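S.K.: My questions will all concern the structure given below.
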Amino acid sequence: MSYKKNKKQGYVKQLSDKASNPRKTSKTAPVETVVSNPKTERLWKILFWSFAALILVCMLIAAPRTGIAGDECLDGLNGKYSLEYYANGDTTFADYTKVPELKSHPHLKYYGSGYEIVPAIALKYLHLPASQEFAFRHILCALFGFILILFTGLIGRLLANWKLGLISLLMIALSPVVFGLSFLDSKDIPMATGFAIAVYAFLALFKSLPNFKVAHIVLGIVGIGMAVSIRIGGLMLPFYLVAGFVLLLIFDKEKRQLLFAKPCNVLWKTLGVGALIVVVGSLLGLCFYPNFFYEGPVAHIKGALTLVSKFPQRIPMVFEGEIIDSLSLPDFYLIKCFLYTTPLFVFVAVALFLANIVRVFKKHSSFEILFLLFTIIFPFLYIILTNAHVYNGWRHELFIYPCFVVLASLGFYETTLWFRNRDFGKIWRWVCLGAAVAMVTPTIIWMVRNNRYIYCYYNILISDPYLYYDLDFYESSSTLAYEWFIENELPKCHNVVTVSTKIQTPVVYAEALGDTYRVRMKQSDYSKFARTDCDYSILNYQCVNTKAIKDFFPPKGTIHVEYVDDVPICAVVKRNKLDSRAIKLCEMNQYLEALPLLDSAYNYDTTNFSLWFWIGMANFETQNRQKSIKFLQKDLGFLPTAVGFTVDNTYIGIMQYEMQEYDEALNSLRNAESACDKEELRVLITGYLGLIYFEKKMYKEALPYLKEALIYYPTYPDLSEKYSYCEAMCQ
C-alpha cells in the first residue's frame with residue numbers, strides 16, 4: 001500500500017489487487033473498491049456537519065424541557081462538597097453519613113466530580129441563580145451528549161469516509177436511550193463521551209504511525225481523563241490502548257515492520273507516547289476525586305474498584321412485572337434490557353454487518369475492525385469477571401454503544417455499496433434510502449411525541465413495557481408534574497398548600513424556585529401516600545408492581561397526568577383528606593372513631609389500596625373478624641412487601657385462630673414466620689403458633705413455641721397449663 005499526497009484529496013489510497021488483499025491469487029476476482037470523488041466526499045462532509053449542527057440545536061432546545069432526576073440532587077451535592085475540599089480544604093465528603101441528604105449514599109465519595117464540579121463552580125463563583133441550576137446541568141449534559149454523538153460519527157469517518165461518518169452520527173443520534181439520557185444522566189453520558197474521544201484518538205494515532213499529531217495525543221489524554229474523572233471504570237481505557245497496540249502488531253504487517261526496524265526509534269517513540277497518554281490522562285482524571293488525596297491513591301482506587309463489584313445499595317426495580325432489588329437481578333437482565341430499548345434498525349444494521357463480514361475484512365483494516373470489536377467485547381467480559389453491579393437498564397454500559405453503532409453503520413454502508421457495484425441502476429440507491437427512512441421514521445415520530453421522556457423508549461419487541469418494566473429516571477416526571485401544578489393549579493389556591501411526593505427531587509426543586517412560601521412539600525412513600533395529610537399528591541409509578549398500575553393508576557381525584565406513549569406515568573392528585581384523617585386516628589389507636597371515616601374514604605375510592613390495611617386493622621381491633629380478614633387479604637395480594645407480608649399474615653392468622661380455622665391460621669402464621677424480622681411480631685407469631693399446634697393436638701410441635709412464648713407472656717391465661725400438658729404428652 002502506498003500513499004500519494006494530494007492537496008484536494010489528502011492521502012488517497014492507491015490500491016492494487018495485491019495490496020488490498022495479499023492473500024488472493026491472480027485467479028481471484030478483484031476486490032470491490034470505491035474511489036471517492038472529491039466533490040462527492042466534500043458533499044458528505046458538508047452533510048455530516050450540517051446534521052451535526054441540527055442535532056446540537058435540537059438537543060439544546062430539548063435539554064431545559066427535561067424533568068429532574070433523583071440522582072441529580074445527590075450528585076450535585078457531591079460536586080459542591082468536592083469543590084469545597086479543593087477551595088477550602090473541607091473534608092465533609094469523607095463521611096457523607098453526617099450529611100442528612102446523603103446519609104444513605106456514603107459511597108458517593110468514590111464517584112468522580114469531573115462533571116459535577118462544573119455546576120458547583122457556576123453556582124459559587126459565577127453566581128448562577130439556584131433556580132437555574134438544573135437547567136444549566138441539563139444544557140451542560142446535552143453538550144457532553146452531543147460530543148459523544150459527534151465523535152461516534154468521527155470514528156465512522158476515520159474507518160472509511162464522511163458517508164460512513166454521517167450514517168454513524170445519525171444512527172446514534174436516533175437511539176432514544178442515548179439521546180434522551182444526554183439531558184440528565186451526568187455520570188454515564190460524560191463517561192461514554194470520554195470513551196468515544198479516547199477510541200477516536202487511539203485509532204487516529206495508530207493510523208498515522210510513524211507520525212504523531214499533537215491533537216491526537218491531547219484527545220487521548222482528554223478522553224482518558226474525562227472517563228476516569230466520572231467513574232473508576234475509565235481505567236479500562238489504558239487496556240484499550242495496549243490491546244490496540246497488540247492487535248496492530250499482529251494484523252498490520254507494514255506497521256509491524258516499521259516499528260521493529262533497526263534502530264527501533266519508532267517503537268520507543270510509540271511506547272513513550274502511549275505511556276504519556278495513559279499516565280497523564282489517568283492522573284488528570286483521578287484529580288477529580290477528593291478522596292484520592294484524602295485516603296491516598298492505593299486505598300481510594302481499591303475502594304472504588306470494590307464498589308463496582310460489591311455495590312452496597314439495594315435499589316427496588318420492576319422487572320417482568322415484579323418488584324425486585326438491584327442486587328437480585330437475573331443474569332440475562334442486561335441483554336434483555338438492551339434488546340428491548342434499542343431501535344430495531346440498529347439490529348438490522350448489525351445483521352447486515354454480519355452478512356458482509358467477509359467483505360468488511362477484505363476492504364477495511366482488519367486491525368481497526370478487531371479493535372472496535374474488542375471495545376465491545378472486553379467490557380462485557382470485565383463485567384462478568386468482576387461481577388460488576390448492573391441495574392437500571394444498560395446505561396452503565398453506554399460507553400460500549402458508540403463502537404457498536406459504528407460497526408452496525410458499516411453493515412448498512414457496505415450493503416449500499418454492494419448494490420451500487422452490482423450495477424442494479426439508480427433505482428436501488430433509492431430503494432436503500434427509502435428502506436432506511438422507513439425504518440427510522442417510527443423512532444423519530446416517537447422521539448418527537450415523547451420529547452420530554454425520550455430515554456423511556458421501548459421497541460416493538462415487547463408489548464405493554466410500561467406495565468412490566470421500570471423506566472429509568474421515572475422520577476423526572478414528578479418535577480414536570482410539579483411545574484404543571486405551579487402554573488395551572490397553584491394560582492387557584494389562596495392559602496399555603498401542602499404537596500406530597502415520593503422522592504426528594506420536587507422538594508429540592510421547589511426550594512430552588514423559591515416556592516416554599518406558597519407550597520410546603522412533604523416526602524411520602526407511594527404505598528403510604530394516603531396517610532400523609534396534604535392538599536395534593538404527586539404520584540408516579542416507579543417501583544410499583546403491575547397489578548397496582550393496572551387497578552389503581554391514576555387514582556381518583558387526579559387533575560393532571562404525565563404520559564409516555566399515551567401511558568399515564570405520573571399524576572397530580574387533589575386529595576379529599578378522608579383517608580389521611582382516618583389513618584391518623586388508627587395510628588392513635590382510636591379505631592372506633594376511625595371506622596366511619598375509613599368507610600367514607602373507601603366508598604369515595606375503592607381502589608385506594610393504602611386504606612385496606614387500616615380497614616383490616618380497625619376491624620381486627622373491633623372484633624369484626626370476617627371484614628378484617630377480607631381487607632387484610634386484599635392488602636396482602638395487592639402490594640406485597642416484606643413488612644406488609646408479615647403483618648398481614650400475622651393478623652389474618654390470629655383472626656382465623658379465633659374463628660377456630662386452625663389449618664388456615666397455621667398456614668398464615670407460618671408464612672408470617674418465614675418473613676418476619678421484627679422481634680415484637682416474631683414473639684406474637686410464636687405464641688399463636690404454639691396455641692394452634694396445641695389445638696391440633698400436635699404437642700411435640702407446640703412444645704418449643706409454647707416454651708418460648710412463656711418467656712414473654714408468663715401470665716397469659718392457660719399458657720403454662722398448656723405447656724405442661726404438652727410436656728407430659730411428649731414424655
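Letters A, B, ... go to the chains of the C-alpha cells in the order shown; residues in each chain start at 1; ligands are counted from 1 in the same order.
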I'd like the neighbourhood of Lys255 in chain A as a list in words, where a residue qualifies if any of its atoms comes within 9 Å (using only C-alpha atoms), though same-chain residues fewer than 5 positions away should be ignored.

M.R.: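 Final neighbour list, sorted by chain and number: Phe206, Leu209, Pro210, Leu248, Leu249 and Phe260 of chain A.
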
S.K.: Since we have the selection now, will you write its residues out, keeping C-alpha atoms, as a CSV table (one decimal), in the first residue's frame?

M.R.:
```csv
chain,number,residue,atom,x,y,z
A,206,PHE,CA,-2.3,4.1,15.1
A,209,LEU,CA,2.2,5.9,12.7
A,210,PRO,CA,5.1,6.7,12.5
A,248,LEU,CA,-1.7,-3.6,15.3
A,249,LEU,CA,1.4,-5.7,15.7
A,260,PHE,CA,10.7,-3.2,14.7
```

S.K.: To test your reading of the structure, identify every residue in range 426-603 of chain A that backbone DSSP assigns to strand (DSSP E or B), and report it as a ChimeraX atom specification.

M.R.: /A:469,497-501,519-523,536-540,558-564,567-574

S.K.: Give me the residues near Asp551 in chain A as a VMD selection string, where near means some atom within 12 Å (using only C-alpha atoms) and where sequence neighbours in that chain fewer than 6 positions away do not count.

M.R.: chain A and resid 467 544 to 545 605 to 609 638 to 639

S.K.: Pull C-alpha atoms from the residues just selected and write them as a PDB file, in the first residue's frame.

M.R.:
```
ATOM      1  CA  LEU A 467     -46.585  -2.195  32.909  1.00  0.00           C
ATOM      2  CA  VAL A 544     -44.840  -0.098  41.751  1.00  0.00           C
ATOM      3  CA  ASN A 545     -45.892  -3.551  40.593  1.00  0.00           C
ATOM      4  CA  ASP A 605     -62.260   5.414  46.084  1.00  0.00           C
ATOM      5  CA  THR A 606     -62.429   1.628  46.403  1.00  0.00           C
ATOM      6  CA  THR A 607     -59.070   1.285  44.587  1.00  0.00           C
ATOM      7  CA  ASN A 608     -57.191   3.287  47.218  1.00  0.00           C
ATOM      8  CA  PHE A 609     -55.038   0.377  48.353  1.00  0.00           C
ATOM      9  CA  PHE A 638     -52.078  -6.171  46.063  1.00  0.00           C
ATOM     10  CA  LEU A 639     -48.817  -4.524  47.060  1.00  0.00           C
TER      11      LEU A 639
END
```

S.K.: Determine the nearest neighbour of Cys73 in chain A from the options A:Glu41, A:Asp464, A:Glu680, A:Asp185, counting only C-alpha atoms.

M.R.: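 With only C-alpha atoms as the atom set, the closest residue is A:Asp185.
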
S.K.: Applying 10 Å and only C-alpha atoms, which residues near Ala215 in chain A remain after dropping the ones on its own chain fewer than 4 positions away? List them as number ranges by chain.

M.R.: A: 201, 204-205, 219-221

S.K.: Store the residues picked out above, limited to C-alpha atoms, as a CSV table (one decimal), in the first residue's frame.

M.R.:
```csv
chain,number,residue,atom,x,y,z
A,201,ALA,CA,-7.7,9.3,19.4
A,204,ALA,CA,-6.0,8.1,14.7
A,205,LEU,CA,-2.7,7.6,16.4
A,219,LEU,CA,-7.5,14.0,22.6
A,220,GLY,CA,-6.2,10.7,24.0
A,221,ILE,CA,-5.3,12.4,27.3
```

S.K.: I'd like the neighbourhood of range 565-571 of chain A as a list in words, where a residue qualifies if any of its atoms comes within 7 Å (using only C-alpha atoms), though same-chain residues fewer than 3 positions away should be ignored.

M.R.: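 The neighbour list is Asn450, Ser477, Ser478, Ile538, Leu539, Asn540, Tyr541, Pro554, Thr558, His560, Val561 and Glu562 of chain A.
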
S.K.: Would you list the contacts of Ala275 in chain A as a ChimeraX atom specification, taking every protein, DNA or RNA residue within 10 Å and counting only C-alpha atoms, but skipping same-chain residues closer than 4 positions in sequence?

M.R.: /A:238,241-242,269-271,279-281

S.K.: Produce a file of the selected residues containing C-alpha atoms, as a PDB file, in the first residue's frame.

M.R.:
```pdb
ATOM      1  CA  PRO A 238      -5.333   2.089  29.123  1.00  0.00           C
ATOM      2  CA  LEU A 241      -4.623   1.279  24.151  1.00  0.00           C
ATOM      3  CA  VAL A 242      -2.490  -1.755  24.974  1.00  0.00           C
ATOM      4  CA  LYS A 269       8.725   6.712  20.449  1.00  0.00           C
ATOM      5  CA  THR A 270       5.367   4.914  20.158  1.00  0.00           C
ATOM      6  CA  LEU A 271       5.713   3.327  23.600  1.00  0.00           C
ATOM      7  CA  VAL A 279      -0.170   8.338  32.829  1.00  0.00           C
ATOM      8  CA  VAL A 280      -1.213  11.942  32.238  1.00  0.00           C
ATOM      9  CA  GLY A 281      -4.795  11.026  31.329  1.00  0.00           C
TER      10      GLY A 281
END
```

S.K.: Near Leu719 in chain A, within 10 Å and counting only C-alpha atoms, which residues show up once chain neighbours fewer than 6 positions away are dropped, as a PyMOL selection string?

M.R.: chain A and resi 687+690-691+706-707+709-710+713+725

S.K.: Calculated over only C-alpha atoms, which of the candidates A:Leu461, A:Ile139, A:Gly644, A:Gly234 has the smallest distance to Val57 in chain A?

M.R.: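 Residue with the minimum atom-to-atom distance to Val57 in chain A: A:Ile139.
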
S.K.: Quick one: pull the distance between CA of Ile376 in chain A and CA of Phe212 in chain A, Å, one decimal.

M.R.: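 Separation between CA of Ile376 in chain A and CA of Phe212 in chain A: 26.0 Å.
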
S.K.: So the first atom is CA of Ser113 in chain A and the second is CA of Leu513 in chain A; what is the distance between them in Å, to one decimal place?

M.R.: 24.9 Å

S.K.: In range 552-711 of chain A, what's alpha helix (DSSP H) per DSSP? Answer as an MDAnalysis selection string?

M.R.: chainID A and resid 552 578:587 591:604 612:621 625:638 642:658 662:675 679:695 699:711

S.K.: Pick from A:Met171, A:Asn291, A:Asn451, A:Val437: nearest to Gly89 in chain A, with only C-alpha atoms counted?

M.R.: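 Answer, going by the shortest atom-to-atom distance: A:Asn291.
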
S.K.: For a test of reading the model, state the distance in Å between CA of Phe338 in chain A and CA of Arg395 in chain A, rounded to one decimal.

M.R.: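 One can read the CA of Phe338 in chain A to CA of Arg395 in chain A distance as 9.4 Å.
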
S.K.: Smallest atom-to-atom distance to Pro38 in chain A: which of A:Trp162, A:Glu701, A:Tyr604, A:His138, using only C-alpha atoms?

M.R.: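 Comparing A:Trp162, A:Glu701, A:Tyr604, A:His138 against Pro38 in chain A, the winner is A:Trp162.
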
S.K.: Taking only C-alpha atoms into account, name the residue in A:Asn211, A:Ser409, A:Thr97, A:Ser328 that is nearest to Phe353 in chain A.

M.R.: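 So, comparing all the options, the nearest one is A:Ser409.
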
S.K.: With distances taken over only C-alpha atoms, which of A:Leu108, A:Ala728, A:Leu632, A:Cys264 is nearest to Pro290 in chain A?

M.R.: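 Among A:Leu108, A:Ala728, A:Leu632, A:Cys264, it is A:Leu108 that comes nearest to Pro290 in chain A.
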